[in-house]
>>> print(open('upload.cif').read())   # mmCIF, N, CA and C atoms
data_my_file
#
loop_
_atom_site.group_PDB
_atom_site.id
_atom_site.type_symbol
_atom_site.label_atom_id
_atom_site.label_comp_id
_atom_site.auth_asym_id
_atom_site.auth_seq_id
_atom_site.Cartn_x
_atom_site.Cartn_y
_atom_site.Cartn_z
ATOM 1 N N MET A 68 -39.861 -16.654 -17.637
ATOM 2 C CA MET A 68 -38.945 -15.549 -17.535
ATOM 3 C C MET A 68 -37.808 -15.894 -16.571
ATOM 4 N N PHE A 69 -38.168 -16.466 -15.438
ATOM 5 C CA PHE A 69 -37.147 -16.837 -14.464
ATOM 6 C C PHE A 69 -36.189 -17.863 -15.058
ATOM 7 N N ASN A 70 -36.714 -18.852 -15.773
ATOM 8 C CA ASN A 70 -35.869 -19.891 -16.369
ATOM 9 C C ASN A 70 -34.926 -19.306 -17.418
ATOM 10 N N LEU A 71 -35.399 -18.307 -18.185
ATOM 11 C CA LEU A 71 -34.567 -17.689 -19.212
ATOM 12 C C LEU A 71 -33.397 -16.937 -18.574
ATOM 13 N N LYS A 72 -33.681 -16.184 -17.529
ATOM 14 C CA LYS A 72 -32.617 -15.475 -16.823
ATOM 15 C C LYS A 72 -31.631 -16.461 -16.209
ATOM 16 N N PHE A 73 -32.174 -17.517 -15.630
ATOM 17 C CA PHE A 73 -31.324 -18.529 -15.018
ATOM 18 C C PHE A 73 -30.430 -19.194 -16.058
ATOM 19 N N LEU A 74 -30.987 -19.523 -17.209
ATOM 20 C CA LEU A 74 -30.215 -20.158 -18.268
ATOM 21 C C LEU A 74 -29.131 -19.219 -18.815
ATOM 22 N N LYS A 75 -29.456 -17.923 -18.954
ATOM 23 C CA LYS A 75 -28.459 -16.965 -19.428
ATOM 24 C C LYS A 75 -27.310 -16.840 -18.428
ATOM 25 N N SER A 76 -27.669 -16.755 -17.152
ATOM 26 C CA SER A 76 -26.613 -16.631 -16.135
ATOM 27 C C SER A 76 -25.790 -17.914 -16.061
ATOM 28 N N LEU A 77 -26.427 -19.051 -16.239
ATOM 29 C CA LEU A 77 -25.721 -20.323 -16.237
ATOM 30 C C LEU A 77 -24.783 -20.419 -17.440
ATOM 31 N N LYS A 78 -25.259 -19.974 -18.578
ATOM 32 C CA LYS A 78 -24.430 -19.993 -19.789
ATOM 33 C C LYS A 78 -23.202 -19.101 -19.610
ATOM 34 N N GLN A 79 -23.405 -17.930 -19.027
ATOM 35 C CA GLN A 79 -22.275 -17.023 -18.803
ATOM 36 C C GLN A 79 -21.284 -17.620 -17.812
ATOM 37 N N ALA A 80 -21.796 -18.277 -16.800
ATOM 38 C CA ALA A 80 -20.919 -18.877 -15.794
ATOM 39 C C ALA A 80 -20.126 -20.036 -16.379
ATOM 40 N N LEU A 81 -20.711 -20.732 -17.321
ATOM 41 C CA LEU A 81 -20.053 -21.898 -17.898
ATOM 42 C C LEU A 81 -19.207 -21.560 -19.122
ATOM 43 N N ASP A 82 -19.238 -20.335 -19.542
ATOM 44 C CA ASP A 82 -18.431 -19.937 -20.698
ATOM 45 C C ASP A 82 -16.973 -19.810 -20.251
ATOM 46 N N THR A 83 -16.310 -20.946 -20.159
ATOM 47 C CA THR A 83 -14.969 -20.981 -19.589
ATOM 48 C C THR A 83 -13.946 -20.231 -20.427
ATOM 49 N N LYS A 84 -14.075 -20.275 -21.712
ATOM 50 C CA LYS A 84 -13.101 -19.581 -22.556
ATOM 51 C C LYS A 84 -13.152 -18.076 -22.306
ATOM 52 N N LYS A 85 -14.362 -17.551 -22.232
ATOM 53 C CA LYS A 85 -14.517 -16.115 -21.968
ATOM 54 C C LYS A 85 -13.990 -15.783 -20.574
ATOM 55 N N ASN A 86 -14.325 -16.604 -19.602
ATOM 56 C CA ASN A 86 -13.848 -16.366 -18.233
ATOM 57 C C ASN A 86 -12.325 -16.453 -18.156
ATOM 58 N N LEU A 87 -11.750 -17.410 -18.856
ATOM 59 C CA LEU A 87 -10.304 -17.564 -18.855
ATOM 60 C C LEU A 87 -9.630 -16.351 -19.495
ATOM 61 N N LEU A 88 -10.173 -15.882 -20.599
ATOM 62 C CA LEU A 88 -9.612 -14.710 -21.265
ATOM 63 C C LEU A 88 -9.732 -13.465 -20.390
ATOM 64 N N THR A 89 -10.855 -13.320 -19.735
ATOM 65 C CA THR A 89 -11.051 -12.176 -18.841
ATOM 66 C C THR A 89 -10.062 -12.235 -17.682
ATOM 67 N N PHE A 90 -9.928 -13.415 -17.099
ATOM 68 C CA PHE A 90 -8.980 -13.592 -15.993
ATOM 69 C C PHE A 90 -7.550 -13.345 -16.462
ATOM 70 N N SER A 91 -7.216 -13.897 -17.609
ATOM 71 C CA SER A 91 -5.873 -13.736 -18.151
ATOM 72 C C SER A 91 -5.548 -12.269 -18.409
ATOM 73 N N GLU A 92 -6.486 -11.548 -18.951
ATOM 74 C CA GLU A 92 -6.284 -10.115 -19.226
ATOM 75 C C GLU A 92 -6.101 -9.338 -17.928
ATOM 76 N N SER A 93 -6.887 -9.650 -16.927
ATOM 77 C CA SER A 93 -6.755 -8.941 -15.652
ATOM 78 C C SER A 93 -5.415 -9.258 -14.991
ATOM 79 N N GLN A 94 -4.957 -10.507 -15.089
ATOM 80 C CA GLN A 94 -3.658 -10.888 -14.534
ATOM 81 C C GLN A 94 -2.522 -10.187 -15.266
ATOM 82 N N ARG A 95 -2.627 -10.097 -16.581
ATOM 83 C CA ARG A 95 -1.598 -9.429 -17.373
ATOM 84 C C ARG A 95 -1.502 -7.967 -16.974
ATOM 85 N N GLN A 96 -2.646 -7.322 -16.805
ATOM 86 C CA GLN A 96 -2.657 -5.911 -16.417
ATOM 87 C C GLN A 96 -2.058 -5.722 -15.026
ATOM 88 N N MET A 97 -2.411 -6.597 -14.102
ATOM 89 C CA MET A 97 -1.843 -6.495 -12.752
ATOM 90 C C MET A 97 -0.340 -6.723 -12.774
ATOM 91 N N ASN A 98 0.129 -7.680 -13.567
ATOM 92 C CA ASN A 98 1.565 -7.943 -13.678
ATOM 93 C C ASN A 98 2.292 -6.737 -14.255
ATOM 94 N N GLU A 99 1.728 -6.118 -15.272
ATOM 95 C CA GLU A 99 2.348 -4.928 -15.860
ATOM 96 C C GLU A 99 2.434 -3.806 -14.837
ATOM 97 N N ASN A 100 1.374 -3.594 -14.084
ATOM 98 C CA ASN A 100 1.380 -2.548 -13.059
ATOM 99 C C ASN A 100 2.415 -2.846 -11.981
ATOM 100 N N TYR A 101 2.508 -4.113 -11.583
ATOM 101 C CA TYR A 101 3.459 -4.517 -10.554
ATOM 102 C C TYR A 101 4.891 -4.302 -11.038
ATOM 103 N N ILE A 102 5.182 -4.730 -12.237
ATOM 104 C CA ILE A 102 6.529 -4.577 -12.795
ATOM 105 C C ILE A 102 6.872 -3.103 -12.944
ATOM 106 N N GLU A 103 5.918 -2.318 -13.387
ATOM 107 C CA GLU A 103 6.156 -0.883 -13.543
ATOM 108 C C GLU A 103 6.456 -0.225 -12.200
ATOM 109 N N SER A 104 5.722 -0.610 -11.160
ATOM 110 C CA SER A 104 5.974 -0.018 -9.840
ATOM 111 C C SER A 104 7.340 -0.431 -9.307
ATOM 112 N N LEU A 105 7.724 -1.694 -9.522
ATOM 113 C CA LEU A 105 9.047 -2.141 -9.090
ATOM 114 C C LEU A 105 10.144 -1.410 -9.843
ATOM 115 N N SER A 106 9.952 -1.281 -11.139
ATOM 116 C CA SER A 106 10.970 -0.625 -11.957
ATOM 117 C C SER A 106 11.158 0.819 -11.536
ATOM 118 N N SER A 107 10.063 1.519 -11.304
ATOM 119 C CA SER A 107 10.192 2.924 -10.925
ATOM 120 C C SER A 107 10.850 3.060 -9.554
ATOM 121 N N ASN A 108 10.520 2.159 -8.628
ATOM 122 C CA ASN A 108 11.154 2.197 -7.306
ATOM 123 C C ASN A 108 12.645 1.907 -7.402
ATOM 124 N N GLU A 109 12.992 0.906 -8.204
ATOM 125 C CA GLU A 109 14.402 0.560 -8.358
ATOM 126 C C GLU A 109 15.174 1.698 -9.015
ATOM 127 N N LEU A 110 14.548 2.359 -9.982
ATOM 128 C CA LEU A 110 15.216 3.480 -10.635
ATOM 129 C C LEU A 110 15.436 4.636 -9.665
ATOM 130 N N LYS A 111 14.456 4.876 -8.798
ATOM 131 C CA LYS A 111 14.601 5.931 -7.799
ATOM 132 C C LYS A 111 15.731 5.604 -6.824
ATOM 133 N N ILE A 112 15.791 4.362 -6.394
ATOM 134 C CA ILE A 112 16.834 3.942 -5.458
ATOM 135 C C ILE A 112 18.204 4.074 -6.109
ATOM 136 N N LYS A 113 18.306 3.629 -7.365
ATOM 137 C CA LYS A 113 19.578 3.720 -8.080
ATOM 138 C C LYS A 113 20.013 5.174 -8.245
ATOM 139 N N ALA A 114 19.067 6.050 -8.574
ATOM 140 C CA ALA A 114 19.391 7.469 -8.734
ATOM 141 C C ALA A 114 19.849 8.067 -7.406
ATOM 142 N N ASP A 115 19.194 7.689 -6.308
ATOM 143 C CA ASP A 115 19.598 8.172 -4.986
ATOM 144 C C ASP A 115 21.013 7.704 -4.641
ATOM 145 N N GLU A 116 21.305 6.452 -4.950
ATOM 146 C CA GLU A 116 22.645 5.928 -4.672
ATOM 147 C C GLU A 116 23.708 6.649 -5.501
ATOM 148 N N GLN A 117 23.390 6.940 -6.746
ATOM 149 C CA GLN A 117 24.344 7.655 -7.598
ATOM 150 C C GLN A 117 24.572 9.078 -7.089
ATOM 151 N N ARG A 118 23.507 9.732 -6.621
ATOM 152 C CA ARG A 118 23.658 11.080 -6.052
ATOM 153 C C ARG A 118 24.513 11.037 -4.791
ATOM 154 N N LEU A 119 24.275 10.044 -3.956
ATOM 155 C CA LEU A 119 25.064 9.892 -2.733
ATOM 156 C C LEU A 119 26.540 9.685 -3.066
ATOM 157 N N GLU A 120 26.816 8.821 -4.028
ATOM 158 C CA GLU A 120 28.202 8.574 -4.417
ATOM 159 C C GLU A 120 28.859 9.843 -4.958
ATOM 160 N N ALA A 121 28.132 10.595 -5.761
ATOM 161 C CA ALA A 121 28.683 11.844 -6.298
ATOM 162 C C ALA A 121 28.975 12.839 -5.174
ATOM 163 N N MET A 122 28.088 12.907 -4.185
ATOM 164 C CA MET A 122 28.307 13.813 -3.058
ATOM 165 C C MET A 122 29.531 13.399 -2.250
ATOM 166 N N VAL A 123 29.686 12.090 -2.021
ATOM 167 C CA VAL A 123 30.828 11.592 -1.260
ATOM 168 C C VAL A 123 32.116 11.895 -2.012
ATOM 169 N N ARG A 124 32.121 11.645 -3.306
ATOM 170 C CA ARG A 124 33.322 11.911 -4.109
ATOM 171 C C ARG A 124 33.679 13.406 -4.056
ATOM 172 N N GLN A 125 32.686 14.258 -4.181
ATOM 173 C CA GLN A 125 32.934 15.700 -4.152
ATOM 174 C C GLN A 125 33.481 16.135 -2.794
ATOM 175 N N GLN A 126 32.884 15.610 -1.725
ATOM 176 C CA GLN A 126 33.324 15.973 -0.374
ATOM 177 C C GLN A 126 34.760 15.514 -0.126
ATOM 178 N N LEU A 127 35.079 14.305 -0.563
ATOM 179 C CA LEU A 127 36.448 13.812 -0.380
ATOM 180 C C LEU A 127 37.451 14.654 -1.165
ATOM 181 N N LYS A 128 37.084 15.053 -2.366
ATOM 182 C CA LYS A 128 37.976 15.892 -3.175
ATOM 183 C C LYS A 128 38.202 17.249 -2.520
ATOM 184 N N GLU A 129 37.156 17.775 -1.892
ATOM 185 C CA GLU A 129 37.286 19.074 -1.226
ATOM 186 C C GLU A 129 38.167 18.978 0.023
ATOM 187 N N GLU A 130 37.982 17.919 0.792
ATOM 188 C CA GLU A 130 38.722 17.782 2.045
ATOM 189 C C GLU A 130 40.152 17.292 1.843
ATOM 190 N N PHE A 131 40.358 16.471 0.816
ATOM 191 C CA PHE A 131 41.686 15.896 0.565
ATOM 192 C C PHE A 131 42.043 16.117 -0.909
ATOM 193 N N PRO A 132 42.724 17.203 -1.207
ATOM 194 C CA PRO A 132 43.078 17.490 -2.606
ATOM 195 C C PRO A 132 43.898 16.360 -3.227
ATOM 196 N N ASN A 133 43.626 16.080 -4.489
ATOM 197 C CA ASN A 133 44.319 15.056 -5.282
ATOM 198 C C ASN A 133 44.123 13.632 -4.772
ATOM 199 N N ILE A 134 43.131 13.414 -3.931
ATOM 200 C CA ILE A 134 42.890 12.056 -3.425
ATOM 201 C C ILE A 134 42.355 11.141 -4.519
ATOM 202 N N GLU A 135 41.701 11.721 -5.513
ATOM 203 C CA GLU A 135 41.133 10.893 -6.586
ATOM 204 C C GLU A 135 42.220 10.188 -7.404
ATOM 205 N N LYS A 136 43.445 10.652 -7.279
ATOM 206 C CA LYS A 136 44.570 10.008 -7.984
ATOM 207 C C LYS A 136 45.093 8.801 -7.218
ATOM 208 N N SER A 137 44.672 8.660 -5.986
ATOM 209 C CA SER A 137 45.124 7.563 -5.138
ATOM 210 C C SER A 137 44.537 6.235 -5.613
ATOM 211 N N SER A 138 45.302 5.168 -5.401
ATOM 212 C CA SER A 138 44.838 3.843 -5.848
ATOM 213 C C SER A 138 43.683 3.313 -4.995
ATOM 214 N N SER A 139 43.556 3.811 -3.784
ATOM 215 C CA SER A 139 42.502 3.326 -2.889
ATOM 216 C C SER A 139 41.297 4.276 -2.837
ATOM 217 N N TYR A 140 41.226 5.207 -3.755
ATOM 218 C CA TYR A 140 40.153 6.204 -3.744
ATOM 219 C C TYR A 140 38.778 5.557 -3.862
ATOM 220 N N ASP A 141 38.620 4.628 -4.808
ATOM 221 C CA ASP A 141 37.326 3.968 -4.985
ATOM 222 C C ASP A 141 36.946 3.145 -3.760
ATOM 223 N N LEU A 142 37.931 2.505 -3.158
ATOM 224 C CA LEU A 142 37.653 1.745 -1.932
ATOM 225 C C LEU A 142 37.217 2.660 -0.797
ATOM 226 N N LEU A 143 37.837 3.818 -0.710
ATOM 227 C CA LEU A 143 37.464 4.787 0.317
ATOM 228 C C LEU A 143 36.035 5.286 0.094
ATOM 229 N N VAL A 144 35.694 5.566 -1.142
ATOM 230 C CA VAL A 144 34.325 6.007 -1.469
ATOM 231 C C VAL A 144 33.327 4.924 -1.075
ATOM 232 N N ASP A 145 33.620 3.674 -1.448
ATOM 233 C CA ASP A 145 32.730 2.566 -1.093
ATOM 234 C C ASP A 145 32.585 2.418 0.419
ATOM 235 N N ALA A 146 33.688 2.581 1.147
ATOM 236 C CA ALA A 146 33.643 2.458 2.605
ATOM 237 C C ALA A 146 32.800 3.563 3.233
ATOM 238 N N VAL A 147 32.943 4.770 2.738
ATOM 239 C CA VAL A 147 32.151 5.887 3.278
ATOM 240 C C VAL A 147 30.666 5.658 3.012
ATOM 241 N N ILE A 148 30.332 5.231 1.815
ATOM 242 C CA ILE A 148 28.930 4.966 1.477
ATOM 243 C C ILE A 148 28.386 3.829 2.335
ATOM 244 N N HIS A 149 29.187 2.790 2.515
ATOM 245 C CA HIS A 149 28.765 1.659 3.355
ATOM 246 C C HIS A 149 28.503 2.108 4.786
ATOM 247 N N ASN A 150 29.396 2.903 5.343
ATOM 248 C CA ASN A 150 29.210 3.405 6.715
ATOM 249 C C ASN A 150 27.956 4.270 6.810
ATOM 250 N N TYR A 151 27.744 5.106 5.827
ATOM 251 C CA TYR A 151 26.554 5.966 5.831
ATOM 252 C C TYR A 151 25.278 5.128 5.803
ATOM 253 N N LYS A 152 25.248 4.134 4.931
ATOM 254 C CA LYS A 152 24.055 3.276 4.838
ATOM 255 C C LYS A 152 23.851 2.472 6.108
ATOM 256 N N SER A 153 24.940 2.003 6.704
ATOM 257 C CA SER A 153 24.837 1.240 7.958
ATOM 258 C C SER A 153 24.245 2.098 9.067
ATOM 259 N N LYS A 154 24.733 3.335 9.175
ATOM 260 C CA LYS A 154 24.198 4.236 10.200
ATOM 261 C C LYS A 154 22.739 4.573 9.934
ATOM 262 N N GLN A 155 22.398 4.718 8.670
ATOM 263 C CA GLN A 155 21.010 5.009 8.314
ATOM 264 C C GLN A 155 20.102 3.839 8.693
ATOM 265 N N LEU A 156 20.542 2.619 8.409
ATOM 266 C CA LEU A 156 19.763 1.437 8.786
ATOM 267 C C LEU A 156 19.648 1.295 10.292
ATOM 268 N N GLN A 157 20.729 1.571 10.981
ATOM 269 C CA GLN A 157 20.719 1.480 12.446
ATOM 270 C C GLN A 157 19.752 2.508 13.034
ATOM 271 N N ALA A 158 19.762 3.708 12.493
ATOM 272 C CA ALA A 158 18.841 4.737 12.970
ATOM 273 C C ALA A 158 17.389 4.343 12.691
ATOM 274 N N THR A 159 17.163 3.742 11.552
ATOM 275 C CA THR A 159 15.811 3.272 11.209
ATOM 276 C C THR A 159 15.368 2.170 12.165
ATOM 277 N N ASP A 160 16.272 1.223 12.437
ATOM 278 C CA ASP A 160 15.954 0.140 13.373
ATOM 279 C C ASP A 160 15.676 0.676 14.766
ATOM 280 N N ASP A 161 16.467 1.630 15.222
ATOM 281 C CA ASP A 161 16.266 2.225 16.541
ATOM 282 C C ASP A 161 14.932 2.945 16.613
ATOM 283 N N ALA A 162 14.554 3.624 15.547
ATOM 284 C CA ALA A 162 13.279 4.346 15.522
ATOM 285 C C ALA A 162 12.105 3.396 15.568
ATOM 286 N N ILE A 163 12.238 2.237 14.923
ATOM 287 C CA ILE A 163 11.151 1.248 14.907
ATOM 288 C C ILE A 163 11.007 0.605 16.267
ATOM 289 N N ILE A 164 12.107 0.323 16.942
ATOM 290 C CA ILE A 164 12.073 -0.337 18.250
ATOM 291 C C ILE A 164 11.437 0.558 19.291
ATOM 292 N N GLU A 165 11.739 1.841 19.252
ATOM 293 C CA GLU A 165 11.216 2.763 20.269
ATOM 294 C C GLU A 165 9.835 3.126 20.003
#
>>> encode(input="upload.cif", output="structure tokens")
Amino acid sequence: MFNLKFLKSLKQALDTKKNLLTFSESQRQMNENYIESLSSNELKIKADEQRLEAMVRQQLKEEFPNIEKSSSYDLLVDAVIHNYKSKQLQATDDAIIE
């Protein structure tokens, strides 16, 4: 009885094709989960950036009428967003240090 169990377990351990397929399937599933998590995070970040840009554009239009007709309007929007992100990163860094 002991030898039969031992032989069965040995056969299963040496069944490389089955082990390879099992490993391959588990790796594929993990890769899909990883890609899905990255994609959802990137989509959230992109949506947040688009909302921020829309808010900046709206605020600039309210404070400076007809500014959207200016040739430097897009550059101004980019500069405001850049400054906001820089301050946000600086605040995050300061919070981590303290």
>>> closest_residue(input="upload.cif", among="A:Thr89, A:Ser104, A:Leu143, A:Lys78", to="A:Val123", atoms="all atoms listed in the file")
A:Leu143
>>> atom_distance(input="upload.cif", atom1="atom CA of A:Asp161", atom2="atom N of A:Gln117")
24.8 Å
>>> atom_distance(input="upload.cif", atom1="atom C of A:Gln79", atom2="atom N of A:Gln94")
18.0 Å
>>> atom_distance(input="upload.cif", atom1="atom CA of A:Lys128", atom2="atom CA of A:Asp141")
12.1 Å
>>> closest_residue(input="upload.cif", among="A:Glu103, A:Glu116, A:Glu135, A:Glu130", to="A:Tyr151", atoms="only C-alpha atoms")
A:Glu116
>>> residues_around(input="upload.cif", residues="A:Glu120", least_positions_apart="6", cutoff="8 Å", atoms="all atoms listed in the file", output="list of chain:residue names")
A:Ala114, A:Gln126, A:Val144, A:Asp145, A:Ile148
>>> build_atoms(input="upload.cif", residues="stretch 78-89 of chain A", atoms="all heavy atoms", output="PDB file, in the coordinates of the input")
ATOM      1  N   LYS A  78     -25.259 -19.974 -18.578  1.00  0.00           N
ATOM      2  CA  LYS A  78     -24.430 -19.993 -19.789  1.00  0.00           C
ATOM      3  C   LYS A  78     -23.202 -19.101 -19.610  1.00  0.00           C
ATOM      4  O   LYS A  78     -22.092 -19.470 -19.977  1.00  0.00           O
ATOM      5  CB  LYS A  78     -25.236 -19.534 -20.998  1.00  0.00           C
ATOM      6  CG  LYS A  78     -24.445 -19.567 -22.281  1.00  0.00           C
ATOM      7  CD  LYS A  78     -25.240 -19.090 -23.466  1.00  0.00           C
ATOM      8  CE  LYS A  78     -24.344 -19.121 -24.697  1.00  0.00           C
ATOM      9  NZ  LYS A  78     -24.837 -18.347 -25.776  1.00  0.00           N
ATOM     10  N   GLN A  79     -23.405 -17.930 -19.027  1.00  0.00           N
ATOM     11  CA  GLN A  79     -22.275 -17.023 -18.803  1.00  0.00           C
ATOM     12  C   GLN A  79     -21.284 -17.620 -17.812  1.00  0.00           C
ATOM     13  O   GLN A  79     -20.072 -17.492 -17.969  1.00  0.00           O
ATOM     14  CB  GLN A  79     -22.762 -15.674 -18.301  1.00  0.00           C
ATOM     15  CG  GLN A  79     -23.458 -14.861 -19.360  1.00  0.00           C
ATOM     16  CD  GLN A  79     -24.028 -13.561 -18.797  1.00  0.00           C
ATOM     17  OE1 GLN A  79     -24.101 -13.392 -17.586  1.00  0.00           O
ATOM     18  NE2 GLN A  79     -24.443 -12.673 -19.686  1.00  0.00           N
ATOM     19  N   ALA A  80     -21.796 -18.277 -16.800  1.00  0.00           N
ATOM     20  CA  ALA A  80     -20.919 -18.877 -15.794  1.00  0.00           C
ATOM     21  C   ALA A  80     -20.126 -20.036 -16.379  1.00  0.00           C
ATOM     22  O   ALA A  80     -18.986 -20.278 -15.976  1.00  0.00           O
ATOM     23  CB  ALA A  80     -21.747 -19.351 -14.605  1.00  0.00           C
ATOM     24  N   LEU A  81     -20.711 -20.732 -17.321  1.00  0.00           N
ATOM     25  CA  LEU A  81     -20.053 -21.898 -17.898  1.00  0.00           C
ATOM     26  C   LEU A  81     -19.207 -21.560 -19.122  1.00  0.00           C
ATOM     27  O   LEU A  81     -18.526 -22.423 -19.650  1.00  0.00           O
ATOM     28  CB  LEU A  81     -21.092 -22.956 -18.270  1.00  0.00           C
ATOM     29  CG  LEU A  81     -21.855 -23.566 -17.086  1.00  0.00           C
ATOM     30  CD1 LEU A  81     -22.903 -24.544 -17.578  1.00  0.00           C
ATOM     31  CD2 LEU A  81     -20.900 -24.242 -16.118  1.00  0.00           C
ATOM     32  N   ASP A  82     -19.238 -20.335 -19.542  1.00  0.00           N
ATOM     33  CA  ASP A  82     -18.431 -19.937 -20.698  1.00  0.00           C
ATOM     34  C   ASP A  82     -16.973 -19.810 -20.251  1.00  0.00           C
ATOM     35  O   ASP A  82     -16.464 -18.732 -20.002  1.00  0.00           O
ATOM     36  CB  ASP A  82     -18.961 -18.628 -21.289  1.00  0.00           C
ATOM     37  CG  ASP A  82     -18.323 -18.296 -22.620  1.00  0.00           C
ATOM     38  OD1 ASP A  82     -17.539 -19.122 -23.129  1.00  0.00           O
ATOM     39  OD2 ASP A  82     -18.613 -17.218 -23.160  1.00  0.00           O
ATOM     40  N   THR A  83     -16.310 -20.946 -20.159  1.00  0.00           N
ATOM     41  CA  THR A  83     -14.969 -20.981 -19.589  1.00  0.00           C
ATOM     42  C   THR A  83     -13.946 -20.231 -20.427  1.00  0.00           C
ATOM     43  O   THR A  83     -13.034 -19.606 -19.877  1.00  0.00           O
ATOM     44  CB  THR A  83     -14.490 -22.434 -19.419  1.00  0.00           C
ATOM     45  OG1 THR A  83     -14.564 -23.098 -20.672  1.00  0.00           O
ATOM     46  CG2 THR A  83     -15.337 -23.161 -18.402  1.00  0.00           C
ATOM     47  N   LYS A  84     -14.075 -20.275 -21.712  1.00  0.00           N
ATOM     48  CA  LYS A  84     -13.101 -19.581 -22.556  1.00  0.00           C
ATOM     49  C   LYS A  84     -13.152 -18.076 -22.306  1.00  0.00           C
ATOM     50  O   LYS A  84     -12.121 -17.421 -22.139  1.00  0.00           O
ATOM     51  CB  LYS A  84     -13.368 -19.877 -24.031  1.00  0.00           C
ATOM     52  CG  LYS A  84     -12.332 -19.316 -24.956  1.00  0.00           C
ATOM     53  CD  LYS A  84     -12.569 -19.743 -26.381  1.00  0.00           C
ATOM     54  CE  LYS A  84     -11.479 -19.203 -27.297  1.00  0.00           C
ATOM     55  NZ  LYS A  84     -11.672 -19.625 -28.681  1.00  0.00           N
ATOM     56  N   LYS A  85     -14.362 -17.551 -22.232  1.00  0.00           N
ATOM     57  CA  LYS A  85     -14.517 -16.115 -21.968  1.00  0.00           C
ATOM     58  C   LYS A  85     -13.990 -15.783 -20.574  1.00  0.00           C
ATOM     59  O   LYS A  85     -13.279 -14.793 -20.397  1.00  0.00           O
ATOM     60  CB  LYS A  85     -15.983 -15.723 -22.093  1.00  0.00           C
ATOM     61  CG  LYS A  85     -16.238 -14.261 -21.839  1.00  0.00           C
ATOM     62  CD  LYS A  85     -17.714 -13.933 -21.931  1.00  0.00           C
ATOM     63  CE  LYS A  85     -17.963 -12.507 -21.519  1.00  0.00           C
ATOM     64  NZ  LYS A  85     -19.384 -12.209 -21.446  1.00  0.00           N
ATOM     65  N   ASN A  86     -14.325 -16.604 -19.602  1.00  0.00           N
ATOM     66  CA  ASN A  86     -13.848 -16.366 -18.233  1.00  0.00           C
ATOM     67  C   ASN A  86     -12.325 -16.453 -18.156  1.00  0.00           C
ATOM     68  O   ASN A  86     -11.685 -15.641 -17.480  1.00  0.00           O
ATOM     69  CB  ASN A  86     -14.466 -17.366 -17.267  1.00  0.00           C
ATOM     70  CG  ASN A  86     -15.933 -17.101 -17.027  1.00  0.00           C
ATOM     71  OD1 ASN A  86     -16.415 -16.007 -17.269  1.00  0.00           O
ATOM     72  ND2 ASN A  86     -16.657 -18.121 -16.576  1.00  0.00           N
ATOM     73  N   LEU A  87     -11.750 -17.410 -18.856  1.00  0.00           N
ATOM     74  CA  LEU A  87     -10.304 -17.564 -18.855  1.00  0.00           C
ATOM     75  C   LEU A  87      -9.630 -16.351 -19.495  1.00  0.00           C
ATOM     76  O   LEU A  87      -8.643 -15.837 -18.984  1.00  0.00           O
ATOM     77  CB  LEU A  87      -9.900 -18.844 -19.577  1.00  0.00           C
ATOM     78  CG  LEU A  87      -8.411 -19.159 -19.619  1.00  0.00           C
ATOM     79  CD1 LEU A  87      -7.855 -19.307 -18.211  1.00  0.00           C
ATOM     80  CD2 LEU A  87      -8.156 -20.418 -20.419  1.00  0.00           C
ATOM     81  N   LEU A  88     -10.173 -15.882 -20.599  1.00  0.00           N
ATOM     82  CA  LEU A  88      -9.612 -14.710 -21.265  1.00  0.00           C
ATOM     83  C   LEU A  88      -9.732 -13.465 -20.390  1.00  0.00           C
ATOM     84  O   LEU A  88      -8.805 -12.657 -20.314  1.00  0.00           O
ATOM     85  CB  LEU A  88     -10.292 -14.482 -22.614  1.00  0.00           C
ATOM     86  CG  LEU A  88      -9.945 -15.496 -23.710  1.00  0.00           C
ATOM     87  CD1 LEU A  88     -10.796 -15.246 -24.955  1.00  0.00           C
ATOM     88  CD2 LEU A  88      -8.475 -15.447 -24.048  1.00  0.00           C
ATOM     89  N   THR A  89     -10.855 -13.320 -19.735  1.00  0.00           N
ATOM     90  CA  THR A  89     -11.051 -12.176 -18.841  1.00  0.00           C
ATOM     91  C   THR A  89     -10.062 -12.235 -17.682  1.00  0.00           C
ATOM     92  O   THR A  89      -9.427 -11.240 -17.340  1.00  0.00           O
ATOM     93  CB  THR A  89     -12.492 -12.161 -18.299  1.00  0.00           C
ATOM     94  OG1 THR A  89     -13.399 -12.147 -19.401  1.00  0.00           O
ATOM     95  CG2 THR A  89     -12.745 -10.970 -17.414  1.00  0.00           C
TER      96      THR A  89
END
